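Peer 1: Could you have a look at this structure, given as structure tokens, before my questions?
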Amino acid sequence: MNTANDGAMNAAPISRRDVLKAGAAVGGGLLLSATFPLRGFAAGSAAAGAADDYAITVYVRIAPSGAVTLFAPNPEMGQGIKTSLPMILAEELDVAWKDVTIQMADYLGGSLMGGQTSGGSYSTPLNWLPLRRAGAAGRQMLIRAAAQTWGVAESECDAADSQVTHRPSGRTLAYGALAQKAAALPVPDLDTVPLKDESRFRIIGQSVRDPDKRRIVTGQPIFGIDFRLPGMKCAVYHKGPVFDAEVRRANVEAVKAMPGVSHVLVFKGGKRLLEGPPGTQGFSNDDALRAGVAIVADTWWHAQKARQKLEVEWDEGAHAGDSSAGFEALAQQRLSGPPQDTVRLDGEPETALARAARVVRATYAYPFVAHATLEPQNCVAAYREGRVEIWAPTQSPGPGRDLVARGLGIPAENITVHMLRSGGGFGRRLANDYMIEAALISREIGAPVQVLWSREDDLQHDFYRPGGYHRLTGGLDADGRLSAWTNHFVGFARTEYFHRSSAPSGNEFPAGFVPHYAFRTSKIPANVPVGPLRAPGDNAYAFVFQCFLDELAHAAGRDPIDFQIELLAGAPVAKETPVGRFGPGFIPGRMIAVMERVRELSGWRQRDRLPKGTGMGFACYWSHLGYVAQVHRVSVAADGGVTPEKVWVAVDVGRHVINPINAEAQIKGSVLDALSVAQGQRITLERGRVVQSNFHDYPLMRNTRIPQIEIVFVRTDFAPTGLGEPALPPALPAFCNAIHAASGRRVRTLPLDTPAG
């Protein structure tokens, strides 16, 4: 819930450098390609330069038969972007959805489709206007082609459902019949092309099922793990139990003699690219090759069986003694001492606390968390004569291509990346370590190879959501208002800087809404690889800040929702709305609206009528441009076991929900992810090693435990934004606050000590 301005991408209109190109498709018809620079945002690139480096390009192919092929530029991992982005384009193009086929585009490089990265729920806000303008331009060209064919004025013609109609005569021409003629026409100016009145939308706002769903439930091969090439070998890659361990020696010849095994290869670790200083691009993941032993065989099963015979002596390095117990002890030591740095200081918080009518103190902690994607990491690579072709379920093909180029010492232009559907990503596939493994092995064996991780590999070699510790103090004045807030945060760092996913900024709510505020930090050295996980940062900070606000409300004898509404309404923040890289900054009134709506939806004011042992908890958060408020109802048994009973969610992501059926699925998935994290997920270390290895000790929430989830959308006059992440952050604190309401027990450390099975 960062309320700061973080740039100004959307402040500039699309410029006349933006290009829509039209041409004849192979076999006749119309091929449209549109390029739009993304000012201020280099998807996956650390460089800033020419507009072509940051372009979204969309392809539309209309065949003479009338079939329309829309190419989805962003990776699909279950978030529905493969369907929702083409819906935006199809709406303005005025095609009949029944005529549409959607294909995943390959990674075409920054000059064609930009970074083509999926992450941060930003695909929708980044694509909203560019895709509409591209579709509207295509529609205008088809209308012009029809008008010229009939010898009539364009103003007498309308387009709808893949055909153009001449109103006075009632004549019609299908898009397929017009496509070739339209391909030869001049392209309209994207700055001035008229867009459809939004009241006439017929595709946007309708529930459209993902066309891959039937293939998924019938077991057809569409995921990366399913991909096969002729002559392809299978490989497992065995890394050290301690992060960055190097191989001293291994029984290579003995393993090579196992049935089906063709190669056993030892690799040294690559150069790691660690965090940069705050305010720089830095690196999201240091996903260079880890040292290890590759076992290549004719089947994955043979490779995995041979792995059981592998014996490796490792140089475990300086972090072989790291442990969660050690981190905890050091964190407590840091929290008890003076902070190392001050990030933000408003007013005089210590003086205000000394004068407060009541002071509340609490310490919160949360662990490292794994992504636990259902599809383990995998990649197919085929290297030949200085060129490599890759098939990968990646969220960030551009950085993956760059990683392979560095690792193989070849130009990035010699690498082709085909994007395959991912069986879950949640930020894990923003790293491409599996891609460099496959590419290097393929080069060494001179044949195509599929690298496939086991579940144990996946859990023990992740880029984890960082853990953290917060010591909070809040001061209430005589009227029960929040007058002071201090937070000493202790987090993990491998350099002199926190990893960008590890530490809150100085602008997280309630910063800017409390007159006397301090945010200070201290660091714990650690070598655990960390990275973004669904709703990065916010997935942890919301738990801490919203639970502590609930504590303060109860200490003040106030209704928790009224307490936060008053805080938002009377805040000493700037009244103007800042414009960020992807859309407007935090607007308190939008948050208040979803809070009031969820209060009404859930029957919050009647919560005192609930049976003993049952309680309702509230939380809200602004994350990835989405405003979400939630109320959870839980029951707590005498033995402390918690049962989620019902969840109410109010969401504001603008005036349009592009694909409602998918939007609701994303909200429900976010809530369930949060409940899994709250009830039983943690990554712990002993002797530098991750303890957890599979779903028996890293549990996902079972279907029988899923509560009913009721969702309402609050429409506001803003462009639509994404929904892959905003609903997760408030789910954690709402659930924990409900536990307090039901039992009187505060949850300040995750996961629960008594997880529900």
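Residue numbers start at 1 in each chain; chains themselves are named A, B, ... in the order of the structure tokens; ligands are numbered from 1 in the order shown.
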Tell me which protein, DNA and RNA residues are within 7 Å of A:Ser123, counting only C-alpha atoms, leaving out same-chain ones fewer than 4 positions away, and put them as a list in words.

Peer 2: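 Counting only the stated atoms, we get Ser118, Asn127 and Gly722 of chain A.
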
Peer 1: If you run DSSP on the backbone, which residues of stretch 28-263 of chain A are alpha helix (DSSP H), as a ChimeraX atom specification?

Peer 2: /A:81-93,110-113,123-150,175-183,213-217,252-256

Peer 1: If you count only C-alpha atoms, which residues fall within 12 Å of stretch 333-347 of chain A, apart from same-chain ones fewer than 3 positions away, as a PyMOL selection string?

Peer 2: chain A and resi 278+326-330+350-353+362-365+468-472+483-492+496-498+503-508+510-525+572-573

Peer 1: From the list A:Met141, A:Val312, A:Ala147, A:Ala72, which residue is nearest A:Arg248 when using only C-alpha atoms?

Peer 2: A:Val312

Peer 1: Measuring atom to atom with only C-alpha atoms, identify which of A:Gly170, A:Ile445, A:Asp287, A:Leu452 is nearest to A:His263.

Peer 2: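 Using only C-alpha atoms, A:His263 sits closest to A:Ile445.
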
Peer 1: So that I can see what lies close to A:Glu92, please list as JSON, numbers by chain the residues with an atom at most 9 Å from it, counting only C-alpha atoms and leaving out residues fewer than 2 positions away in the same chain.

Peer 2: {"A": [87, 88, 89, 90, 94, 95, 131, 132, 133, 134, 135, 136, 137, 138, 139, 195, 196, 201]}

Peer 1: Under the rule that only C-alpha atoms are counted, which of A:Arg384, A:Leu274, A:Met595, A:Glu246 is the nearest residue to A:Glu316?

Peer 2: A:Glu246

Peer 1: May I have all residues of stretch 277-491 of chain A that DSSP, computed from the backbone, assigns to strand (DSSP E), given as a count of residues only?

Peer 2: 66

Peer 1: Leaving out A:Asp226 and any residue of its chain fewer than 5 positions from it, which residues lie within 12 Å of it when counting only C-alpha atoms, given as a PyMOL selection string?

Peer 2: chain A and resi 216+219-221+375-380+391-393+420-423+450-452

Peer 1: For each of A:Leu403, A:Ala177, A:Leu408, A:Ala727, take the minimum atom-to-atom distance to A:Tyr383, counting only C-alpha atoms, then give the residue where this is smallest.

Peer 2: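 Ranking A:Leu403, A:Ala177, A:Leu408, A:Ala727 by distance to A:Tyr383, first place goes to A:Leu408.
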